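**Q** I'm passing along work-v2.txt; it holds compact mmCIF, C-alpha atoms.
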# COMPACT_ATOMS: atom_id res chain seq x y z
CA MET A 1 -8.56 5.25 -24.15
CA ALA A 2 -8.34 2.31 -21.78
CA GLU A 3 -6.32 2.67 -18.60
CA ALA A 4 -3.00 0.80 -18.71
CA GLN A 5 -2.78 -2.56 -16.95
CA ILE A 6 -0.36 -1.31 -14.29
CA TYR A 7 -2.90 1.24 -13.01
CA GLN A 8 -5.71 -1.32 -13.21
CA ASP A 9 -3.63 -3.77 -11.13
CA LEU A 10 -2.81 -1.14 -8.51
CA LYS A 11 -6.40 0.13 -8.33
CA ARG A 12 -7.69 -3.44 -7.96
CA ASP A 13 -5.37 -3.89 -4.97
CA HIS A 14 -6.43 -0.52 -3.53
CA ASP A 15 -10.09 -1.55 -3.76
CA LYS A 16 -9.31 -4.83 -1.97
CA GLN A 17 -7.40 -2.94 0.72
CA ARG A 18 -10.20 -0.41 1.19
CA ASP A 19 -12.63 -3.30 1.67
CA MET A 20 -10.33 -4.97 4.21
CA LEU A 21 -9.96 -1.69 6.13
CA LYS A 22 -13.74 -1.23 6.15
CA GLN A 23 -14.24 -4.75 7.52
CA LEU A 24 -11.53 -4.20 10.15
CA GLY A 25 -13.20 -0.95 11.20
CA GLU A 26 -16.51 -2.72 11.66
CA LEU A 27 -15.04 -5.47 13.84
CA THR A 28 -14.20 -4.64 17.44
CA GLY A 29 -11.99 -5.98 20.17
CA ALA A 30 -9.39 -8.68 19.81
CA SER A 31 -11.36 -11.44 18.09
CA GLU A 32 -9.52 -14.14 16.16
CA GLU A 33 -11.41 -13.03 13.03
CA ARG A 34 -10.12 -9.48 13.41
CA LYS A 35 -6.56 -10.66 14.11
CA ALA A 36 -6.56 -12.87 11.02
CA LEU A 37 -8.02 -10.11 8.85
CA PHE A 38 -5.49 -7.56 10.11
CA GLU A 39 -2.61 -9.93 9.39
CA ALA A 40 -4.01 -10.58 5.90
CA PHE A 41 -4.28 -6.82 5.38
CA ARG A 42 -0.70 -6.26 6.57
CA VAL A 43 0.66 -8.89 4.17
CA GLU A 44 -1.47 -7.55 1.30
CA LEU A 45 -0.41 -3.96 1.95
CA GLN A 46 3.29 -4.66 2.39
CA GLY A 47 3.46 -6.93 -0.66
CA HIS A 48 1.61 -4.35 -2.73
CA ALA A 49 3.76 -1.43 -1.57
CA ALA A 50 7.06 -3.21 -2.18
CA ALA A 51 6.03 -4.40 -5.65
CA GLU A 52 4.69 -0.93 -6.50
CA GLU A 53 8.00 0.63 -5.44
CA GLU A 54 9.98 -1.89 -7.52
CA SER A 55 7.90 -1.28 -10.62
CA LEU A 56 6.09 2.04 -10.99
CA TYR A 57 7.99 4.09 -8.41
CA ALA A 58 11.42 2.90 -9.57
CA THR A 59 10.58 4.13 -13.06
CA MET A 60 9.05 7.37 -11.82
CA LEU A 61 12.16 8.14 -9.75
CA GLY A 62 14.18 8.09 -12.96
CA ASP A 63 11.92 10.68 -14.63
CA PRO A 64 12.48 14.30 -13.52
CA GLU A 65 8.80 15.11 -14.21
CA LEU A 66 7.60 12.33 -11.90
CA ARG A 67 10.38 12.12 -9.30
CA ASP A 68 8.74 14.30 -6.64
CA ASP A 69 5.48 12.33 -6.80
CA ALA A 70 7.38 9.06 -6.42
CA ARG A 71 9.41 10.34 -3.47
CA HIS A 72 6.24 11.58 -1.79
CA SER A 73 4.54 8.21 -2.24
CA VAL A 74 7.54 6.22 -1.01
CA ALA A 75 7.60 8.42 2.10
CA GLU A 76 3.90 7.73 2.67
CA HIS A 77 4.49 3.98 2.31
CA LYS A 78 7.19 4.25 4.97
CA GLU A 79 4.87 6.23 7.25
CA VAL A 80 2.12 3.60 7.02
CA ASP A 81 4.63 0.78 7.43
CA ASP A 82 5.93 2.48 10.58
CA LEU A 83 2.39 2.81 11.93
CA ILE A 84 1.79 -0.90 11.36
CA GLY A 85 5.04 -1.61 13.21
CA GLU A 86 3.86 0.55 16.11
CA MET A 87 0.54 -1.32 16.13
CA HIS A 88 2.45 -4.60 16.36
CA GLU A 89 3.95 -3.40 19.66
CA LEU A 90 0.52 -2.59 21.18
CA GLU A 91 -1.96 -5.00 22.73
CA PHE A 92 -4.13 -6.09 19.82
CA GLY A 93 -7.65 -4.66 20.03
CA SER A 94 -6.83 -2.30 22.92
CA ASP A 95 -7.95 1.32 22.86
CA ALA A 96 -4.40 2.39 21.95
CA TRP A 97 -4.28 -0.17 19.12
CA SER A 98 -7.69 0.95 17.81
CA GLU A 99 -6.64 4.60 17.90
CA LYS A 100 -3.45 3.78 15.95
CA PHE A 101 -5.48 1.65 13.50
CA PHE A 102 -7.87 4.47 12.68
CA HIS A 103 -4.94 6.88 12.22
CA MET A 104 -3.17 4.39 9.92
CA ARG A 105 -6.41 3.82 8.01
CA ARG A 106 -6.93 7.55 7.40
CA ARG A 107 -3.31 7.99 6.26
CA TYR A 108 -3.42 4.99 3.93
CA GLU A 109 -6.81 5.80 2.42
CA HIS A 110 -5.56 9.36 1.78
CA HIS A 111 -2.44 7.92 0.15
CA ILE A 112 -4.23 5.59 -2.25
CA THR A 113 -6.79 8.23 -3.21
CA GLU A 114 -3.93 10.65 -3.94
CA GLU A 115 -2.20 8.00 -6.06
CA GLU A 116 -5.32 7.28 -8.09
CA GLU A 117 -6.39 10.88 -8.59
CA GLU A 118 -3.02 12.58 -9.03
CA MET A 119 -0.03 10.28 -9.40
CA PHE A 120 -1.41 7.67 -11.79
CA PRO A 121 -2.76 10.28 -14.24
CA ALA A 122 0.58 12.16 -14.14
CA ALA A 123 2.48 8.93 -14.79
CA ALA A 124 0.08 7.96 -17.59
CA GLU A 125 0.80 11.25 -19.36
CA GLU A 126 4.56 10.86 -19.06
CA LEU A 127 5.19 7.12 -19.58
CA SER A 128 4.95 5.28 -22.88
CA ASP A 129 2.52 2.42 -23.46
CA ALA A 130 5.46 0.01 -23.72
CA THR A 131 6.88 1.20 -20.39
CA GLU A 132 3.48 0.85 -18.71
CA ALA A 133 3.12 -2.68 -20.09
CA LYS A 134 6.58 -3.63 -18.77
CA LEU A 135 5.71 -2.13 -15.36
CA ALA A 136 2.58 -4.29 -15.19
CA GLU A 137 4.71 -7.39 -15.89
CA ILE A 138 7.19 -6.43 -13.17
CA TYR A 139 4.41 -5.68 -10.68
CA GLU A 140 2.57 -8.93 -11.37
CA GLU A 141 5.83 -10.88 -10.99
CA ARG A 142 6.96 -9.10 -7.81
CA LYS A 143 3.67 -8.90 -5.88
CA PRO A 144 3.41 -12.59 -4.89
CA LEU A 145 7.12 -12.68 -4.03
CA GLU A 146 6.87 -9.53 -1.90
CA SER A 147 3.69 -10.79 -0.22
CA ALA A 148 5.48 -14.01 0.72
CA GLU A 149 8.35 -11.93 2.11
CA ALA A 150 5.91 -9.81 4.14
CA GLU A 151 4.19 -12.93 5.48
CA ALA A 152 7.53 -14.40 6.55
CA ASN A 153 8.66 -11.16 8.21
CA PRO A 154 6.15 -9.52 10.55
CA PRO A 155 6.86 -5.88 11.51
CA SER A 156 9.32 -6.68 14.30
CA GLY A 157 11.46 -8.47 11.71
CA ASP A 158 11.12 -5.81 8.97
CA ALA A 159 14.52 -4.25 8.28
CA ARG A 160 13.23 -1.39 6.09
CA GLU A 161 14.54 1.99 7.22
For this file, write the structure as structure tokens.
**A**
Amino acid sequence: MAEAQIYQDLKRDHDKQRDMLKQLGELTGASEERKALFEAFRVELQGHAAAEEESLYATMLGDPELRDDARHSVAEHKEVDDLIGEMHELEFGSDAWSEKFFHMRRRYEHHITEEEEEMFPAAAEELSDATEAKLAEIYEERKPLESAEAEANPPSGDARE
């Protein structure tokens, strides 16, 4: 059985984000290339997370069998978002920034692996094909809008609590 489009879309984004994190980890200091890549990663991540919450997580929160997984994942999104906000306050490329980056990277890579290995399979068992198809439509519609919102609002302007 083929994996539903919603999980394919999310996994595709996760793979892109893993690649961006790997590239960021290989670059050092405060180069313009690293700054631009980190900003692209931030926008990608925040657009992805918001669209994922508005599609898959919103549906999972309404299902008693999936609610705890969704709450856990939303909390992890908030944790990573907070870490990115903390990084924004540090001198880019400094030792403190790099330490925070590697902590954020470990947390986020753990999160997306957990989603792919545990949460997506649980959701796939519980949700109907029609629901999964609708979620893919919502995600694909929301992602560019949420990415534009993230680009327009760097961490210091992010009102999420």
**Q** Which residue, A:Glu53, A:Ala30, A:His77, A:Ala58, has the smallest gap to Ser94 (chain A) when you use all atoms listed in the file?
**A**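 Nearest candidate to Ser94 (chain A) out of A:Glu53, A:Ala30, A:His77, A:Ala58: A:Ala30.
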**Q** When you draw a straight line from CA of Ile6 (chain A) to CA of Glu132 (chain A), how long is it in Å?
**A**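 Answer for the CA of Ile6 (chain A) to CA of Glu132 (chain A) separation: 6.2 Å.
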**Q** Choose the residue, out of A:Glu91, A:Glu137, A:Glu116, A:Asp81, that has the smallest atom-to-atom separation from Pro155 (chain A); count all atoms listed in the file.
**A**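 Counting all atoms listed in the file, the residue closest to Pro155 (chain A) is A:Asp81.
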**Q** At what distance in Å, to one decimal, does CA of Gly47 (chain A) lie from CA of Phe120 (chain A)?
**A** 19.0 Å
**Q** What does the distance between CA of Ala152 (chain A) and CA of Ala50 (chain A) come to in Å, to one decimal place?
**A**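 Answer for the CA of Ala152 (chain A) to CA of Ala50 (chain A) separation: 14.2 Å.
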**Q** Fewer than 6 positions away in the same chain doesn't count, so skip those; otherwise give me all residues within 9 Å of Met104 (chain A), counting only C-alpha atoms, as a list in words.
**A**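 Here the qualifying residues turn out to be Glu79, Val80, Asp81, Leu83 and Ile84 of chain A.
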**Q** May I ask which of the residues A:Leu37, A:Ala123, A:Ala148, A:Leu24 is the closest one to Glu3 (chain A), counting all atoms listed in the file?
**A**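 Among A:Leu37, A:Ala123, A:Ala148, A:Leu24, it is A:Ala123 that comes nearest to Glu3 (chain A).
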**Q** With all atoms listed in the file as the atoms that count, which of A:Met119, A:Ile138, A:Ala133, A:Met87 lies nearest to Met60 (chain A)?
**A** A:Met119
**Q** Find, counting only C-alpha atoms, the residue in A:Leu127, A:Asp63, A:Ser98, A:Ala49 that gets nearest to Leu145 (chain A).
**A**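 Closest to Leu145 (chain A) of all the choices is A:Ala49.
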**Q** Using all atoms listed in the file, which of A:Glu33, A:Glu54, A:Glu114, A:Asp82 sits nearest Lys11 (chain A)?
**A**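 Of the candidates, the smallest distance to Lys11 (chain A) is held by A:Glu114.
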